[in-house]
file structure.cif (mmCIF, C-alpha atoms)
data_run
#
loop_
_atom_site.label_atom_id
_atom_site.label_comp_id
_atom_site.auth_asym_id
_atom_site.auth_seq_id
_atom_site.Cartn_x
_atom_site.Cartn_y
_atom_site.Cartn_z
CA MET E 1 127.61 65.52 -6.32
CA TYR E 2 129.11 67.80 -8.94
CA TYR E 3 131.44 66.80 -11.71
CA ASN E 4 133.81 69.71 -12.22
CA SER E 5 137.35 70.27 -13.46
CA CYS E 6 139.34 68.24 -16.01
CA TYR E 7 141.57 65.26 -15.39
CA GLN E 8 143.90 63.52 -17.80
CA HIS E 9 144.57 59.88 -17.03
CA GLY E 10 146.26 56.96 -18.68
CA VAL E 11 144.19 54.13 -20.12
CA ASP E 12 145.63 50.68 -19.42
CA GLU E 13 145.77 47.68 -21.76
CA LYS E 14 142.32 46.55 -20.59
CA ARG E 15 140.90 50.03 -21.42
CA ARG E 16 140.40 50.93 -17.76
CA VAL E 17 140.46 54.59 -16.80
CA GLN E 18 140.61 56.07 -13.31
CA VAL E 19 137.62 58.13 -12.18
CA PRO E 20 138.62 60.99 -9.87
CA ALA E 21 137.98 60.15 -6.21
CA MET E 22 135.64 63.12 -5.73
CA TRP E 23 133.48 61.89 -8.66
CA ARG E 24 132.98 58.40 -7.28
CA PRO E 25 129.61 57.61 -5.68
CA ALA E 26 129.68 56.99 -1.95
CA ALA E 27 127.50 53.89 -2.31
CA THR E 28 128.85 50.74 -3.91
CA GLY E 29 127.22 49.07 -6.88
CA ILE E 30 126.18 52.31 -8.59
CA GLU E 31 126.35 52.01 -12.36
CA PHE E 32 127.07 54.81 -14.78
CA THR E 33 125.71 54.80 -18.31
CA LEU E 34 128.31 55.35 -21.04
CA ILE E 35 126.95 56.74 -24.30
CA VAL E 36 128.89 57.34 -27.51
CA TRP E 37 128.04 61.02 -27.97
CA PRO E 38 128.47 62.30 -31.53
CA LYS E 39 130.07 65.69 -32.13
CA GLU E 40 129.94 66.88 -35.72
CA LYS E 41 133.22 68.74 -35.91
CA GLU E 42 135.44 67.15 -33.28
CA GLY E 43 134.36 63.50 -33.38
CA ALA E 44 132.63 61.41 -30.75
CA CYS E 45 133.31 61.33 -27.03
CA LEU E 46 131.86 59.15 -24.27
CA ARG E 47 129.23 60.86 -22.16
CA VAL E 48 128.93 59.38 -18.67
CA LEU E 49 125.58 59.69 -16.92
CA PRO E 50 124.89 58.80 -13.29
CA PRO E 51 121.60 56.93 -12.71
CA LYS E 52 119.52 60.07 -12.01
CA GLU E 53 120.67 61.78 -15.21
CA MET E 54 120.03 58.65 -17.28
CA ALA E 55 116.50 58.43 -15.86
CA GLU E 56 115.93 62.09 -16.79
CA LEU E 57 117.24 61.47 -20.32
CA MET E 58 114.81 58.58 -20.72
CA GLN E 59 111.92 60.75 -19.45
CA THR E 60 112.85 63.49 -21.92
CA ILE E 61 112.85 61.04 -24.82
CA ASP E 62 109.61 59.38 -23.65
CA ALA E 63 107.92 62.82 -23.55
CA MET E 64 108.65 63.38 -27.24
CA PRO E 65 105.70 62.77 -29.58
CA ASN E 66 105.53 59.20 -30.89
CA SER E 67 104.70 60.65 -34.31
CA ASP E 68 108.20 62.16 -34.57
CA PRO E 69 110.48 59.59 -36.24
CA LYS E 70 113.51 61.21 -34.57
CA LYS E 71 112.27 59.80 -31.25
CA THR E 72 112.77 56.25 -32.48
CA VAL E 73 116.13 57.19 -33.97
CA LEU E 74 117.27 58.61 -30.62
CA LYS E 75 116.08 55.52 -28.76
CA ARG E 76 117.77 53.20 -31.23
CA VAL E 77 121.07 55.10 -31.37
CA ILE E 78 121.32 55.69 -27.62
CA GLY E 79 120.14 52.15 -26.89
CA SER E 80 122.67 50.57 -29.24
CA LYS E 81 125.58 52.90 -28.40
CA SER E 82 125.40 52.79 -24.62
CA CYS E 83 126.17 50.43 -21.77
CA GLN E 84 126.22 50.32 -17.98
CA VAL E 85 129.57 50.30 -16.21
CA ALA E 86 130.45 50.06 -12.54
CA LEU E 87 133.58 51.21 -10.77
CA ASP E 88 136.00 48.47 -9.84
CA LYS E 89 137.63 48.37 -6.39
CA ALA E 90 140.41 50.67 -7.64
CA GLY E 91 137.93 53.34 -8.81
CA ARG E 92 138.25 52.61 -12.52
CA ILE E 93 135.71 52.04 -15.26
CA CYS E 94 136.38 49.79 -18.21
CA LEU E 95 135.66 51.33 -21.61
CA PRO E 96 134.16 48.81 -24.04
CA GLU E 97 136.47 48.28 -27.01
CA GLU E 98 134.09 49.49 -29.73
CA MET E 99 133.07 52.58 -27.74
CA ALA E 100 136.70 53.51 -27.01
CA ARG E 101 137.55 53.08 -30.70
CA GLU E 102 134.64 55.28 -31.80
CA ALA E 103 135.70 57.99 -29.34
CA GLY E 104 139.35 57.72 -30.41
CA ILE E 105 140.48 56.82 -26.89
CA THR E 106 143.64 54.73 -26.75
CA ASP E 107 146.35 55.29 -24.13
CA ARG E 108 145.22 58.64 -22.65
CA ALA E 109 141.82 60.03 -21.73
CA MET E 110 140.59 63.47 -20.69
CA LEU E 111 137.74 63.40 -18.17
CA VAL E 112 135.76 66.62 -18.36
CA GLY E 113 133.19 67.66 -15.77
CA LEU E 114 129.80 68.90 -16.99
CA LEU E 115 128.50 69.55 -13.46
CA ASP E 116 125.74 66.89 -13.50
CA ARG E 117 127.62 64.36 -15.68
CA PHE E 118 131.02 64.04 -17.30
CA GLU E 119 132.60 63.20 -20.61
CA ILE E 120 135.61 61.11 -21.55
CA TRP E 121 137.57 62.49 -24.50
CA ASN E 122 140.55 61.69 -26.62
CA PRO E 123 142.85 64.53 -25.41
CA GLU E 124 143.50 65.80 -28.96
CA ARG E 125 139.79 65.94 -29.75
CA TYR E 126 139.13 67.71 -26.49
CA ARG E 127 141.60 70.47 -27.36
CA GLY E 128 139.41 71.23 -30.41
CA VAL E 129 136.27 71.30 -28.26
CA GLU E 130 137.96 73.51 -25.70
CA ALA E 131 138.95 76.01 -28.43
CA SER E 132 135.35 76.09 -29.73
CA ASP E 133 134.00 76.48 -26.19
CA ASN E 134 136.34 79.40 -25.53
CA VAL E 135 134.95 81.20 -28.59
CA LEU E 136 131.34 80.65 -27.49
CA SER E 137 131.77 81.10 -23.75
CA HIS E 138 131.19 84.86 -23.70
CA GLU E 139 127.78 84.41 -25.33
CA ALA E 140 127.00 81.34 -23.22
CA PHE E 141 127.62 83.20 -19.95
CA LYS E 142 125.07 85.81 -21.01
CA LEU E 143 122.40 83.11 -20.48
CA MET E 144 123.08 83.44 -16.75
CA GLU E 145 122.71 87.24 -16.55
#

call {"tool": "encode", "arguments": {"input": "structure.cif", "output": "structure tokens"}}
result
Amino acid sequence: MYYNSCYQHGVDEKRRVQVPAMWRPAATGIEFTLIVWPKEKEGACLRVLPPKEMAELMQTIDAMPNSDPKKTVLKRVIGSKSCQVALDKAGRICLPEEMAREAGITDRAMLVGLLDRFEIWNPERYRGVEASDNVLSHEAFKLME
């Protein structure tokens, strides 16, 4: 499965946001991991990892040297600023109140595909990220040449 394109959706009073049909897992009971992902300039967003990507993130962190204090910081921050969420029968996920507040998500959300995962943004914050990405994209595409 690939997470591509951008979708803007409303967020209801219970902080539920619709996940695009093509991004929903075929199997039921699959949980995504939501992580408050800090961005220095734009502010935080919510990064959404499917189980395979979360397992890979944990392996990456576990492979870091135990002598590096940043490893413990990463584990503590990601552990305390993440949670598992499942899709409800209508294909929505519920954003925990504190996480939504930190990401600035209120009545609208922008879901942005990152191919192997996706992010949920406050639409205003995302416009800033999109502008920065547009500036860097020419250099970034050179990585694929």

call {"tool": "residues_near_point", "arguments": {"input": "structure.cif", "point": "(126.0, 64.8, -17.1)", "cutoff": "8 Å", "atoms": "all atoms listed in the file", "output": "PyMOL selection string"}}
result
chain E and resi 3+47-50+53+113-119

call {"tool": "closest_residue", "arguments": {"input": "structure.cif", "among": "E:Val77, E:Val135, E:Val129, E:Ile105", "to": "Lys39 of chain E", "atoms": "all atoms listed in the file"}}
result
E:Val129

call {"tool": "axis_aligned_box", "arguments": {"input": "structure.cif", "around": "segment 26-44 of chain E", "padding_each_side": "6 Å", "output": "lines of an AutoDock Vina configuration file"}}
result
center_x = 130.6
center_y = 58.9
center_z = -18.9
size_x = 21.7
size_y = 31.7
size_z = 46.0

call {"tool": "closest_residue", "arguments": {"input": "structure.cif", "among": "E:Ile35, E:Met1, E:Arg108, E:Lys14", "to": "Ser80 of chain E", "atoms": "all atoms listed in the file"}}
result
E:Ile35

call {"tool": "closest_residue", "arguments": {"input": "structure.cif", "among": "E:Lys81, E:Lys75, E:Arg16, E:His138", "to": "Ile61 of chain E", "atoms": "all atoms listed in the file"}}
result
E:Lys75

call {"tool": "closest_residue", "arguments": {"input": "structure.cif", "among": "E:Leu111, E:Asp88, E:Val73, E:Leu46", "to": "Trp23 of chain E", "atoms": "all atoms listed in the file"}}
result
E:Leu111

call {"tool": "atom_distance", "arguments": {"input": "structure.cif", "atom1": "atom CA of Ala26 of chain E", "atom2": "atom CA of Lys89 of chain E"}}
result
12.5 Å

call {"tool": "atom_distance", "arguments": {"input": "structure.cif", "atom1": "atom CA of Glu130 of chain E", "atom2": "atom CA of Cys6 of chain E"}}
result
11.1 Å

call {"tool": "resolve_selection", "arguments": {"input": "structure.cif", "expression": "the PyMOL selection byres ((chain E and resi 107) around 10)", "output": "PyMOL selection string"}}
result
chain E and resi 9-13+15-17+104-106+108-109+122-123

call {"tool": "closest_residue", "arguments": {"input": "structure.cif", "among": "E:Lys71, E:Leu87, E:Met54, E:Glu42", "to": "Ala27 of chain E", "atoms": "all atoms listed in the file"}}
result
E:Leu87

call {"tool": "atom_distance", "arguments": {"input": "structure.cif", "atom1": "atom CA of Thr33 of chain E", "atom2": "atom CA of Pro51 of chain E"}}
result
7.3 Å

call {"tool": "closest_residue", "arguments": {"input": "structure.cif", "among": "E:Ala103, E:Val85, E:Val36, E:Leu57", "to": "Tyr126 of chain E", "atoms": "only C-alpha atoms"}}
result
E:Ala103

call {"tool": "decode", "arguments": {"input": "structure.cif", "residues": "segment 57-87 of chain E", "atoms": "N, CA, C and O atoms", "output": "compact mmCIF listing (two decimals), in the first residue's frame"}}
result
# COMPACT_ATOMS: atom_id res chain seq x y z
N LEU E 57 10.86 1.63 12.75
CA LEU E 57 11.32 2.75 13.58
C LEU E 57 11.91 2.23 14.88
O LEU E 57 12.98 2.68 15.31
N MET E 58 11.25 1.27 15.50
CA MET E 58 11.75 0.71 16.76
C MET E 58 13.09 0.02 16.53
O MET E 58 14.01 0.13 17.36
N GLN E 59 13.25 -0.70 15.42
CA GLN E 59 14.53 -1.36 15.11
C GLN E 59 15.63 -0.34 14.91
O GLN E 59 16.76 -0.54 15.37
N THR E 60 15.31 0.75 14.24
CA THR E 60 16.30 1.82 14.01
C THR E 60 16.77 2.40 15.33
O THR E 60 17.97 2.58 15.56
N ILE E 61 15.83 2.67 16.22
CA ILE E 61 16.20 3.23 17.53
C ILE E 61 16.98 2.21 18.34
O ILE E 61 17.99 2.53 18.96
N ASP E 62 16.54 0.96 18.34
CA ASP E 62 17.24 -0.09 19.09
C ASP E 62 18.68 -0.28 18.61
O ASP E 62 19.56 -0.64 19.39
N ALA E 63 18.93 -0.03 17.32
CA ALA E 63 20.27 -0.21 16.75
C ALA E 63 21.23 0.92 17.15
O ALA E 63 22.44 0.78 17.00
N MET E 64 20.69 2.00 17.67
CA MET E 64 21.55 3.11 18.10
C MET E 64 22.36 2.68 19.33
O MET E 64 21.89 1.87 20.13
N PRO E 65 23.56 3.23 19.49
CA PRO E 65 24.37 2.84 20.64
C PRO E 65 23.72 3.27 21.96
O PRO E 65 23.22 4.39 22.09
N ASN E 66 23.72 2.36 22.93
CA ASN E 66 23.16 2.67 24.24
C ASN E 66 23.91 3.80 24.94
O ASN E 66 23.37 4.44 25.83
N SER E 67 25.14 4.03 24.54
CA SER E 67 25.94 5.09 25.15
C SER E 67 25.51 6.49 24.70
O SER E 67 25.88 7.48 25.31
N ASP E 68 24.71 6.57 23.64
CA ASP E 68 24.25 7.86 23.15
C ASP E 68 22.99 8.26 23.91
O ASP E 68 21.95 7.61 23.79
N PRO E 69 23.06 9.34 24.70
CA PRO E 69 21.89 9.74 25.49
C PRO E 69 20.69 10.15 24.64
O PRO E 69 19.55 10.14 25.10
N LYS E 70 20.92 10.49 23.36
CA LYS E 70 19.81 10.85 22.48
C LYS E 70 18.90 9.65 22.22
O LYS E 70 17.71 9.82 21.93
N LYS E 71 19.44 8.44 22.34
CA LYS E 71 18.62 7.24 22.15
C LYS E 71 17.51 7.20 23.19
O LYS E 71 16.34 6.98 22.86
N THR E 72 17.88 7.43 24.43
CA THR E 72 16.88 7.42 25.50
C THR E 72 15.89 8.56 25.34
O THR E 72 14.69 8.40 25.56
N VAL E 73 16.39 9.72 24.90
CA VAL E 73 15.49 10.85 24.66
C VAL E 73 14.47 10.49 23.58
O VAL E 73 13.27 10.73 23.74
N LEU E 74 14.94 9.90 22.48
CA LEU E 74 14.02 9.50 21.41
C LEU E 74 12.98 8.50 21.92
O LEU E 74 11.78 8.64 21.65
N LYS E 75 13.43 7.51 22.66
CA LYS E 75 12.50 6.51 23.19
C LYS E 75 11.47 7.14 24.12
O LYS E 75 10.28 6.83 24.06
N ARG E 76 11.93 8.04 24.96
CA ARG E 76 11.04 8.69 25.92
C ARG E 76 10.04 9.60 25.20
O ARG E 76 8.84 9.56 25.47
N VAL E 77 10.53 10.42 24.28
CA VAL E 77 9.65 11.37 23.59
C VAL E 77 8.65 10.62 22.70
O VAL E 77 7.45 10.88 22.75
N ILE E 78 9.15 9.68 21.90
CA ILE E 78 8.24 8.94 21.02
C ILE E 78 7.28 8.08 21.87
O ILE E 78 6.09 8.01 21.58
N GLY E 79 7.80 7.47 22.92
CA GLY E 79 6.93 6.65 23.78
C GLY E 79 5.85 7.46 24.47
O GLY E 79 4.71 7.01 24.59
N SER E 80 6.17 8.67 24.89
CA SER E 80 5.19 9.48 25.62
C SER E 80 4.30 10.30 24.71
O SER E 80 3.24 10.77 25.13
N LYS E 81 4.70 10.50 23.46
CA LYS E 81 3.92 11.32 22.53
C LYS E 81 3.39 10.49 21.36
O LYS E 81 3.35 10.95 20.22
N SER E 82 3.01 9.26 21.66
CA SER E 82 2.44 8.40 20.63
C SER E 82 1.32 7.56 21.21
O SER E 82 1.21 7.41 22.44
N CYS E 83 0.50 7.02 20.33
CA CYS E 83 -0.56 6.10 20.76
C CYS E 83 -1.01 5.28 19.56
O CYS E 83 -0.74 5.64 18.42
N GLN E 84 -1.67 4.17 19.84
CA GLN E 84 -2.21 3.31 18.79
C GLN E 84 -3.67 3.71 18.57
O GLN E 84 -4.41 3.95 19.53
N VAL E 85 -4.05 3.77 17.30
CA VAL E 85 -5.44 4.06 16.95
C VAL E 85 -5.89 3.08 15.87
O VAL E 85 -5.10 2.66 15.03
N ALA E 86 -7.15 2.72 15.93
CA ALA E 86 -7.73 1.83 14.92
C ALA E 86 -8.82 2.60 14.19
O ALA E 86 -9.39 3.55 14.72
N LEU E 87 -9.08 2.20 12.97
CA LEU E 87 -10.17 2.79 12.21
C LEU E 87 -11.50 2.32 12.78
O LEU E 87 -11.65 1.15 13.14
